[in-house]
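Notes to accompany the following structure.
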Amino acid sequence: MQFKHPPRLLPAALLLVASPVVLAQSSVTIYGVMDVYTAYQKSTVGGKDTSLWAMGNNGEMTSRLGFKGSEDLGGGYRATFNLETGFDSSTGALQNSYRLFDRQSWVGLGGGFGEVRVGRQNSVMFLYSGNMDAFGAATYGSAYNNFANWLARVDNDISYVSPKFANSNVELHYSVGERAGSTPSNAVYQIGAQTQQGPLYVGSAYLNANNGTNTNSVKQFMLGGNYDYGNGKVYLAFFRTNEVISATTGNVFVNPAGKYDPSGNVVGNTPGNYHNTYSLSADYRLNAQTTIGAGGGYVKDSSSYNNNARQFSLILNYDLSKRTRLYAVASRLINQNTAAYKMTGASYTAGQALVPDAGASETGVQLGIRHTF
């Protein structure tokens, strides 16, 4: 049989044959989190006893929508990417109004050597922190989250993630400091390592960030981990940062992530002063669905102000399914001298949290629901 238009049919036939092969070599996953809570806070604001009832998001986890994918390039190599944006699930608004993908936006190349990624990425400290706290380094109850202002994400970041060896791996990051004329750059350097040895997990990270408005660079160090004793875990964490980014009064940052931004959130320039944060927490599985936890933390100010603070908290998690969880948190934060730390949840959202007066303490309660997909 002779085809009248073989040039048109042949490419179409080849495409039909080749399509299943191409699709089998690539994958794209759409994922996300919806986290909404109702909360109560009480403190002294403007010299008056003040309480706040609020419906918010970002209680246990920041609400987000993400796209991640991988393409098999052959020869053991793969191309990868991740796009992720945060949003307020109680209003539908973007968490960061001037960024479409504020949480992650990177592309990478991986293989037997590990993986190299370029773009906006999570910091090593952010990635490790959830393994060092029974509260997941989130909710009002996490003293570790409320006291330790680690850098959460970095722009223009080039990273290397090693393959696993002996259940361990290391990460190296360098954020290119974009220089405008004679303006100093904001380069960020990071190194981290983590290991899982049976029931014991340990992680550590170091960060050094330059800033165009300060002569002193930001220096941060994190060390912590957890031990699985069978019915739950015990968590320990330590964080240290110099006062280039730690205000002497507390966690005053109001950027969308509730964390330090190297481009503009520097609030001091005093060499030698620093904050140390200590955290101890634990959880216990009552049954397959229910987990209870408790913990506390302390932040020590080395300056002459002695603006220290401590916090004690309880948490209850009830899993309706593998994807849907109900949670309840009760917490008490005690500021000393003129410290003014506040409870922020997974990320700070203006209007959904009280900002106490200097030296005022704070009580908080959260009831929330979290669904992952």
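Identifiers in the structure tokens: chain A, B, ... in order shown; residue index from 1 per chain; ligand index from 1 in order shown.
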- Message: Would you pick out the contacts of A:Leu207 at 12 Å or less, using only C-alpha atoms, so that residues sharing its chain but fewer than 2 positions from it are not included, and give the list as a PyMOL selection string?
- Response: chain A and resi 123-126+150-154+171-175+187-192+204-205+209-210+217-222+239-242+262
Please produce an output containing N, CA and C atoms for each residue in the selection, written as an mmCIF file, in the first residue's frame.
data_model
loop_
_atom_site.group_PDB
_atom_site.id
_atom_site.type_symbol
_atom_site.label_atom_id
_atom_site.label_comp_id
_atom_site.auth_asym_id
_atom_site.auth_seq_id
_atom_site.Cartn_x
_atom_site.Cartn_y
_atom_site.Cartn_z
ATOM 1 N N SER A 123 17.894 27.283 53.416
ATOM 2 C CA SER A 123 19.194 27.210 54.079
ATOM 3 C C SER A 123 19.356 25.845 54.736
ATOM 4 N N VAL A 124 20.602 25.480 55.017
ATOM 5 C CA VAL A 124 20.871 24.212 55.692
ATOM 6 C C VAL A 124 20.233 24.219 57.083
ATOM 7 N N MET A 125 20.306 25.348 57.783
ATOM 8 C CA MET A 125 19.738 25.424 59.125
ATOM 9 C C MET A 125 18.228 25.226 59.111
ATOM 10 N N PHE A 126 17.562 25.800 58.132
ATOM 11 C CA PHE A 126 16.116 25.617 58.024
ATOM 12 C C PHE A 126 15.783 24.144 57.791
ATOM 13 N N TRP A 150 17.503 31.988 62.636
ATOM 14 C CA TRP A 150 18.401 31.543 61.576
ATOM 15 C C TRP A 150 17.926 32.065 60.225
ATOM 16 N N LEU A 151 18.830 32.148 59.301
ATOM 17 C CA LEU A 151 18.499 32.538 57.932
ATOM 18 C C LEU A 151 17.759 31.377 57.281
ATOM 19 N N ALA A 152 16.547 31.607 56.772
ATOM 20 C CA ALA A 152 15.700 30.525 56.267
ATOM 21 C C ALA A 152 15.948 30.210 54.793
ATOM 22 N N ARG A 153 16.133 31.227 53.967
ATOM 23 C CA ARG A 153 16.312 31.006 52.531
ATOM 24 C C ARG A 153 17.312 31.998 51.960
ATOM 25 N N VAL A 154 17.926 31.616 50.840
ATOM 26 C CA VAL A 154 18.994 32.431 50.263
ATOM 27 C C VAL A 154 18.784 32.564 48.763
ATOM 28 N N GLU A 171 26.527 19.267 52.936
ATOM 29 C CA GLU A 171 26.073 20.284 51.981
ATOM 30 C C GLU A 171 27.019 21.474 52.035
ATOM 31 N N LEU A 172 27.301 22.045 50.865
ATOM 32 C CA LEU A 172 28.074 23.273 50.750
ATOM 33 C C LEU A 172 27.266 24.276 49.940
ATOM 34 N N HIS A 173 27.173 25.523 50.422
ATOM 35 C CA HIS A 173 26.407 26.563 49.732
ATOM 36 C C HIS A 173 27.238 27.835 49.607
ATOM 37 N N TYR A 174 27.087 28.485 48.467
ATOM 38 C CA TYR A 174 27.663 29.813 48.281
ATOM 39 C C TYR A 174 26.661 30.660 47.529
ATOM 40 N N SER A 175 26.220 31.743 48.152
ATOM 41 C CA SER A 175 25.295 32.669 47.508
ATOM 42 C C SER A 175 26.073 33.822 46.910
ATOM 43 N N ALA A 187 27.195 38.307 50.007
ATOM 44 C CA ALA A 187 27.503 36.895 49.818
ATOM 45 C C ALA A 187 27.210 36.108 51.094
ATOM 46 N N VAL A 188 26.715 34.876 50.918
ATOM 47 C CA VAL A 188 26.391 34.000 52.043
ATOM 48 C C VAL A 188 27.091 32.659 51.837
ATOM 49 N N TYR A 189 27.795 32.192 52.871
ATOM 50 C CA TYR A 189 28.494 30.911 52.830
ATOM 51 C C TYR A 189 27.861 29.979 53.860
ATOM 52 N N GLN A 190 27.636 28.716 53.481
ATOM 53 C CA GLN A 190 27.049 27.749 54.392
ATOM 54 C C GLN A 190 27.740 26.391 54.251
ATOM 55 N N ILE A 191 27.810 25.669 55.356
ATOM 56 C CA ILE A 191 28.247 24.284 55.343
ATOM 57 C C ILE A 191 27.418 23.529 56.375
ATOM 58 N N GLY A 192 27.020 22.310 56.034
ATOM 59 C CA GLY A 192 26.224 21.514 56.951
ATOM 60 C C GLY A 192 26.501 20.037 56.790
ATOM 61 N N SER A 204 24.434 19.485 62.069
ATOM 62 C CA SER A 204 25.133 20.708 62.443
ATOM 63 C C SER A 204 25.332 21.571 61.201
ATOM 64 N N ALA A 205 25.309 22.894 61.382
ATOM 65 C CA ALA A 205 25.474 23.808 60.255
ATOM 66 C C ALA A 205 26.129 25.099 60.705
ATOM 67 N N ALA A 209 27.354 35.395 56.607
ATOM 68 C CA ALA A 209 26.714 36.243 55.599
ATOM 69 C C ALA A 209 27.260 37.656 55.682
ATOM 70 N N ASN A 210 27.756 38.167 54.567
ATOM 71 C CA ASN A 210 28.181 39.557 54.498
ATOM 72 C C ASN A 210 26.960 40.441 54.287
ATOM 73 N N SER A 217 30.129 40.756 59.637
ATOM 74 C CA SER A 217 29.299 39.763 58.965
ATOM 75 C C SER A 217 28.465 38.991 59.969
ATOM 76 N N VAL A 218 27.369 38.430 59.485
ATOM 77 C CA VAL A 218 26.505 37.591 60.308
ATOM 78 C C VAL A 218 27.151 36.218 60.447
ATOM 79 N N LYS A 219 27.229 35.732 61.678
ATOM 80 C CA LYS A 219 27.806 34.413 61.936
ATOM 81 C C LYS A 219 26.807 33.597 62.748
ATOM 82 N N GLN A 220 26.439 32.423 62.235
ATOM 83 C CA GLN A 220 25.455 31.586 62.911
ATOM 84 C C GLN A 220 25.949 30.142 62.962
ATOM 85 N N PHE A 221 25.628 29.460 64.084
ATOM 86 C CA PHE A 221 26.015 28.063 64.256
ATOM 87 C C PHE A 221 24.855 27.291 64.866
ATOM 88 N N MET A 222 24.603 26.097 64.356
ATOM 89 C CA MET A 222 23.519 25.245 64.841
ATOM 90 C C MET A 222 24.048 23.838 65.087
ATOM 91 N N PHE A 239 21.668 26.923 69.247
ATOM 92 C CA PHE A 239 21.844 27.879 68.149
ATOM 93 C C PHE A 239 22.543 29.115 68.695
ATOM 94 N N ARG A 240 23.493 29.621 67.915
ATOM 95 C CA ARG A 240 24.237 30.817 68.325
ATOM 96 C C ARG A 240 24.324 31.780 67.148
ATOM 97 N N THR A 241 24.054 33.050 67.424
ATOM 98 C CA THR A 241 24.199 34.075 66.389
ATOM 99 C C THR A 241 24.722 35.355 67.016
ATOM 100 N N ASN A 242 25.542 36.079 66.265
ATOM 101 C CA ASN A 242 26.012 37.362 66.779
ATOM 102 C C ASN A 242 24.930 38.410 66.603
ATOM 103 N N PRO A 262 19.269 38.676 54.603
ATOM 104 C CA PRO A 262 20.577 39.348 54.545
ATOM 105 C C PRO A 262 20.570 40.657 53.784
#
* Taking the backbone alone, and naming residues the way the document does, which bits of stretch 54-224 of chain A are strand (DSSP E or B) by DSSP, as an MDAnalysis selection string? -> chainID A and resid 54:57 64:74 77:87 94 104:111 114:122 151 153:161 165 168:175 188:197 200:209 218:224
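Taking atom CA of A:Thr363 and atom CA of A:Tyr37 as endpoints, the distance between them is 16.1 Å.
Take the candidates A:Asn149, A:Thr277, A:Thr290, A:Thr38 and check each one against A:Asn231 using only C-alpha atoms; the shortest distance goes to A:Thr290.
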(Q) Using only C-alpha atoms, which protein or nucleic acid residues come within 6 Å of stretch 306-317 of chain A? Drop anything in the same chain fewer than 5 positions from it, and give the result as an NGL selection string. (A) :A and (141 or 143 or 290-301 or 326-339)
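The shell of residues at most 7 Å from stretch 157-168 of chain A, with only C-alpha atoms counted and near chain neighbours (fewer than 4 positions) removed, consists of Phe113, Gly114, Glu115, Val116, Arg117, Val118, Gly119, Arg120, Gln121, Leu172, His173, Tyr174, Ser175, Val176, Gln194, Thr195, Gln196 and Gln197 of chain A.
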